[in-house]
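Content type mmCIF, C-alpha atoms, from the file work.cif:
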```cif
data_protein
loop_
_atom_site.label_atom_id
_atom_site.label_comp_id
_atom_site.auth_asym_id
_atom_site.auth_seq_id
_atom_site.Cartn_x
_atom_site.Cartn_y
_atom_site.Cartn_z
CA MET A 133 -29.87 -49.65 -35.75
CA ALA A 134 -28.73 -52.12 -33.16
CA ASP A 135 -28.12 -50.78 -29.68
CA LEU A 136 -25.55 -53.25 -28.43
CA ALA A 137 -24.20 -53.23 -24.90
CA ILE A 138 -21.49 -55.01 -22.94
CA GLY A 139 -22.77 -58.47 -21.98
CA ALA A 140 -25.24 -58.70 -24.89
CA GLN A 141 -25.12 -61.67 -27.24
CA ALA A 142 -23.07 -60.69 -30.30
CA PRO A 143 -25.18 -60.70 -33.48
CA ALA A 144 -24.46 -63.75 -35.63
CA PHE A 145 -23.03 -63.28 -39.10
CA ALA A 146 -22.00 -65.39 -42.09
CA LEU A 147 -19.91 -63.38 -44.55
CA THR A 148 -17.59 -64.14 -47.46
CA ASP A 149 -13.88 -63.74 -46.68
CA ALA A 150 -11.11 -62.55 -49.00
CA ASP A 151 -10.53 -66.11 -50.24
CA GLY A 152 -14.19 -66.79 -51.03
CA GLY A 153 -14.78 -68.88 -47.90
CA THR A 154 -17.39 -68.16 -45.26
CA LEU A 155 -16.64 -66.53 -41.91
CA ARG A 156 -19.28 -67.19 -39.28
CA LEU A 157 -19.41 -65.88 -35.73
CA LYS A 158 -20.17 -69.40 -34.48
CA ASP A 159 -16.88 -70.67 -35.96
CA PHE A 160 -15.03 -68.68 -33.28
CA LYS A 161 -16.90 -70.13 -30.28
CA GLY A 162 -14.46 -70.93 -27.49
CA ARG A 163 -12.05 -68.20 -28.64
CA LYS A 164 -12.12 -64.45 -28.27
CA LEU A 165 -12.82 -62.39 -31.37
CA VAL A 166 -12.16 -58.82 -32.39
CA VAL A 167 -14.66 -57.64 -35.01
CA TYR A 168 -13.73 -54.26 -36.41
CA PHE A 169 -15.79 -52.34 -38.93
CA TYR A 170 -14.15 -49.89 -41.30
CA PRO A 171 -15.33 -47.72 -44.21
CA LYS A 172 -13.24 -48.79 -47.20
CA ASP A 173 -10.25 -50.88 -48.29
CA ASP A 174 -7.04 -49.12 -49.32
CA THR A 175 -7.85 -45.70 -47.85
CA PRO A 176 -5.34 -44.07 -45.46
CA GLY A 177 -7.11 -44.58 -42.11
CA CYS A 178 -8.42 -48.02 -42.97
CA THR A 179 -5.00 -49.15 -44.19
CA LYS A 180 -3.32 -47.90 -41.00
CA GLU A 181 -5.92 -49.68 -38.87
CA ALA A 182 -5.60 -52.98 -40.78
CA MET A 183 -1.82 -52.77 -40.60
CA ALA A 184 -1.89 -52.05 -36.83
CA PHE A 185 -4.09 -55.09 -36.19
CA SER A 186 -1.88 -57.17 -38.51
CA GLU A 187 1.30 -56.09 -36.73
CA ALA A 188 -0.25 -57.10 -33.39
CA ARG A 189 -1.56 -60.40 -34.79
CA ALA A 190 0.94 -62.60 -32.94
CA ALA A 191 0.14 -60.89 -29.63
CA PHE A 192 -3.59 -61.34 -30.25
CA ALA A 193 -3.01 -65.01 -31.13
CA ALA A 194 -1.06 -65.44 -27.87
CA ALA A 195 -4.15 -64.02 -26.12
CA ASP A 196 -6.31 -66.64 -27.90
CA THR A 197 -8.00 -63.90 -29.93
CA ASP A 198 -8.87 -63.84 -33.63
CA ILE A 199 -9.42 -60.68 -35.69
CA VAL A 200 -11.96 -60.01 -38.45
CA GLY A 201 -12.27 -56.71 -40.31
CA ILE A 202 -15.60 -56.02 -42.02
CA SER A 203 -16.54 -53.48 -44.69
CA MET A 204 -18.87 -53.33 -47.68
CA ASP A 205 -16.01 -54.01 -50.10
CA THR A 206 -16.17 -57.21 -52.15
CA ALA A 207 -14.17 -60.34 -51.30
CA ALA A 208 -12.03 -59.74 -54.42
CA ARG A 209 -11.25 -56.19 -53.29
CA HIS A 210 -10.41 -57.51 -49.80
CA ALA A 211 -7.97 -60.03 -51.33
CA LYS A 212 -6.28 -57.26 -53.32
CA PHE A 213 -6.07 -55.04 -50.19
CA ARG A 214 -4.71 -57.91 -48.05
CA ASP A 215 -2.10 -58.87 -50.64
CA LYS A 216 -1.00 -55.29 -51.36
CA TYR A 217 -0.18 -54.64 -47.67
CA GLY A 218 0.58 -58.18 -46.46
CA LEU A 219 -2.29 -58.03 -43.97
CA ALA A 220 -2.50 -60.84 -41.39
CA VAL A 221 -6.14 -60.39 -40.39
CA SER A 222 -9.28 -61.92 -41.88
CA LEU A 223 -11.36 -59.55 -43.98
CA ALA A 224 -15.07 -60.15 -44.53
CA ALA A 225 -17.25 -58.66 -47.26
CA ASP A 226 -20.64 -57.32 -46.18
CA PRO A 227 -22.12 -55.63 -49.28
CA GLU A 228 -25.68 -56.33 -48.10
CA ARG A 229 -24.87 -54.80 -44.69
CA GLN A 230 -25.92 -57.91 -42.75
CA ALA A 231 -23.39 -57.48 -39.93
CA ILE A 232 -23.01 -53.73 -40.46
CA ASP A 233 -26.70 -53.20 -39.63
CA ALA A 234 -26.79 -55.87 -36.90
CA TYR A 235 -23.91 -54.17 -35.07
CA GLY A 236 -25.38 -50.69 -35.59
CA VAL A 237 -22.44 -49.19 -37.44
CA TRP A 238 -24.34 -47.82 -40.49
CA VAL A 239 -24.64 -44.22 -39.34
CA GLU A 240 -25.10 -40.69 -40.58
CA LYS A 241 -21.72 -39.08 -41.13
CA SER A 242 -20.67 -35.61 -42.12
CA LEU A 243 -17.81 -34.36 -44.27
CA TYR A 244 -17.30 -30.73 -45.24
CA GLY A 245 -20.85 -29.94 -44.11
CA ARG A 246 -22.38 -32.69 -46.26
CA SER A 247 -24.31 -35.48 -44.51
CA TYR A 248 -24.27 -39.01 -45.84
CA MET A 249 -24.69 -42.57 -44.59
CA GLY A 250 -21.62 -44.72 -44.07
CA ILE A 251 -19.80 -47.17 -41.84
CA GLU A 252 -18.70 -45.89 -38.47
CA ARG A 253 -15.20 -47.06 -37.57
CA ALA A 254 -16.07 -49.28 -34.60
CA THR A 255 -14.64 -52.34 -32.86
CA PHE A 256 -16.29 -55.08 -30.80
CA LEU A 257 -14.48 -57.55 -28.56
CA ILE A 258 -16.45 -60.78 -28.25
CA ASP A 259 -15.75 -63.25 -25.45
CA ARG A 260 -15.45 -67.04 -25.70
CA ASN A 261 -19.21 -67.44 -25.20
CA GLY A 262 -20.23 -65.06 -27.99
CA ARG A 263 -21.02 -62.12 -25.71
CA ILE A 264 -19.83 -58.57 -26.26
CA ALA A 265 -17.02 -57.77 -23.83
CA GLY A 266 -15.86 -54.43 -25.27
CA ILE A 267 -17.14 -51.73 -27.61
CA TRP A 268 -15.17 -48.91 -29.20
CA ARG A 269 -17.11 -46.44 -31.37
CA LYS A 270 -15.84 -43.53 -33.46
CA VAL A 271 -12.41 -45.12 -33.33
CA LYS A 272 -9.28 -43.04 -33.76
CA VAL A 273 -6.66 -45.35 -35.31
CA PRO A 274 -3.45 -44.41 -33.42
CA GLY A 275 -3.12 -46.69 -30.38
CA HIS A 276 -6.43 -48.44 -31.02
CA ALA A 277 -5.11 -51.96 -31.76
CA GLU A 278 -3.02 -51.78 -28.58
CA ALA A 279 -6.06 -50.76 -26.50
CA VAL A 280 -8.12 -53.64 -27.91
CA LEU A 281 -5.24 -56.07 -27.29
CA LYS A 282 -5.03 -54.93 -23.65
CA ALA A 283 -8.77 -55.58 -23.25
CA ALA A 284 -8.46 -59.02 -24.89
CA ILE A 285 -5.62 -59.98 -22.54
CA ALA A 286 -7.56 -58.69 -19.50
CA LEU A 287 -10.51 -60.83 -20.55
CA GLY A 288 -8.40 -63.91 -19.80
#
```
Can I see the file as C-alpha cells?
Amino acid sequence: MADLAIGAQAPAFALTDADGGTLRLKDFKGRKLVVYFYPKDDTPGCTKEAMAFSEARAAFAAADTDIVGISMDTAARHAKFRDKYGLAVSLAADPERQAIDAYGVWVEKSLYGRSYMGIERATFLIDRNGRIAGIWRKVKVPGHAEAVLKAAIALG
C-alpha cells in the first residue's frame, strides 16, 4: 500500500477512459487535477459523488482543474454510468488496480461485521507539477466536491 503525503510526486497512471481512450497523469501536466477513487458505478454514494463533481465542473474548469474518477469498473460500464446521469467528469477503468494500488486506496473494509477488501473513497488534488497538494481519505460525499474545489482554488 502506498503511503502518499502532501508534496510527494503523484504516482503515474495510464488507464482506459469511458470512450476507450487513454488517460495518463502526464497528460495533465501544467494543470491541476482531482483524482477521486470510488467503489462502484451506479451505486447511491458513488452516483452522488460523481454528480457533485459534475455539477461543479465549470467552477473546477475556471480554477484550471480537471477531474478524473477511478474505479475497477470497465470502460463500457463507465460509459453507461456517465450517459445515464449526464456526468461531466472523466471516468477511468482500473480493473488491474494499477492506480488503486499506487495511491493506496485498496483497503480492508467492514460491513455488517464482515471484513473484505475494497476501494476506499478517497480524493487526491495534484498540482501543476504532478505533486500531491491535497488528500482526503474516507470521504463523506455531502460537501466533499465543494471542499476539494476550495482547495483547488487556493492552490492558485
Revision key, fill the gap. Across A:Asp205, A:Arg229, A:Phe213, A:Val166, the smallest distance to Ala193 in chain A, with all atoms listed in the file counted, is shown by A:Val166
List as a CSV table (one decimal) with C-alpha atoms, in the coordinates of the input the protein and nucleic acid residues near range 271-277 of chain A, meaning an atom at most 9 Å away when all atoms listed in the file are counted, but skip any in the same chain fewer than 3 places from it.
```
chain,number,residue,atom,x,y,z
A,177,GLY,CA,-7.1,-44.6,-42.1
A,178,CYS,CA,-8.4,-48.0,-43.0
A,180,LYS,CA,-3.3,-47.9,-41.0
A,181,GLU,CA,-5.9,-49.7,-38.9
A,184,ALA,CA,-1.9,-52.0,-36.8
A,185,PHE,CA,-4.1,-55.1,-36.2
A,188,ALA,CA,-0.2,-57.1,-33.4
A,252,GLU,CA,-18.7,-45.9,-38.5
A,253,ARG,CA,-15.2,-47.1,-37.6
A,254,ALA,CA,-16.1,-49.3,-34.6
A,255,THR,CA,-14.6,-52.3,-32.9
A,268,TRP,CA,-15.2,-48.9,-29.2
A,280,VAL,CA,-8.1,-53.6,-27.9
A,281,LEU,CA,-5.2,-56.1,-27.3
A,282,LYS,CA,-5.0,-54.9,-23.6
```
Exercise for review: Using the chain letters and numbers from the file, give me the residues hit by the PyMOL selection byres ((chain A and resi 160) around 12), as a PyMOL selection string.
Suggested key: chain A and resi 142+144-146+155-159+161-167+196-200+258-263
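Among the candidates A:Ala182, A:Ala224, A:Ala150, A:Tyr168, the one nearest to Leu257 in chain A when counting all atoms listed in the file is A:Tyr168.
Residue nearest Leu223 in chain A within the list A:Val237, A:Leu147, A:Ile251, A:Ile267: A:Leu147 [criterion: smallest interatomic distance, all atoms listed in the file].
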Exercise for review: Choose the residue, out of A:Asp173, A:Glu228, A:Glu187, A:Glu240, that has the smallest atom-to-atom separation from His210 in chain A; count all atoms listed in the file.
Suggested key: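 Counting all atoms listed in the file, the residue closest to His210 in chain A is A:Asp173.
For the atom pair formed by CA of Ala279 in chain A and CA of Ala191 in chain A, the distance is 12.3 Å, given to one decimal.
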Which centre and which edge lengths, in Å to one decimal, describe the axis-aligned box that holds all listed atoms of range 173-178 of chain A after 3 Å is added on each side, as AutoDock Vina command-line options?
```
--center_x -7.8 --center_y -47.5 --center_z -45.7 --size_x 10.9 --size_y 12.8 --size_z 13.2
```
Check your understanding: CA of Asp151 in chain A to CA of Ser222 in chain A: how many Å, to one decimal?
Key ->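 We find that CA of Asp151 in chain A and CA of Ser222 in chain A lie 9.4 Å from each other.
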Exercise for review: Do a neighbour search on Asp233 in chain A at 12 Å with only C-alpha atoms, toss out local chain neighbours closer than 5 positions, and write the hits as a ChimeraX atom specification.
Suggested key: /A:133-136,143-145,169,202-204,226-228,238-239,249-252
Point to revise | Which of A:Ile232, A:Thr179, A:Thr154, A:Ala286 sits closest to Gly218 in chain A [using all atoms listed in the file] | key: A:Thr179
Review point. Nearest to Ala220 in chain A: which of A:Lys241, A:Ser186, A:Ala194, A:Ser247 is it, counting only C-alpha atoms?
Key: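 Closest residue, counting only C-alpha atoms: A:Ser186.
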**Study point:** Point-to-point distance in Å for CA of Arg189 in chain A and CA of Gly266 in chain A
**Key:**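 Computing the Euclidean distance for CA of Gly266 in chain A and CA of Arg189 in chain A yields 18.2 Å.
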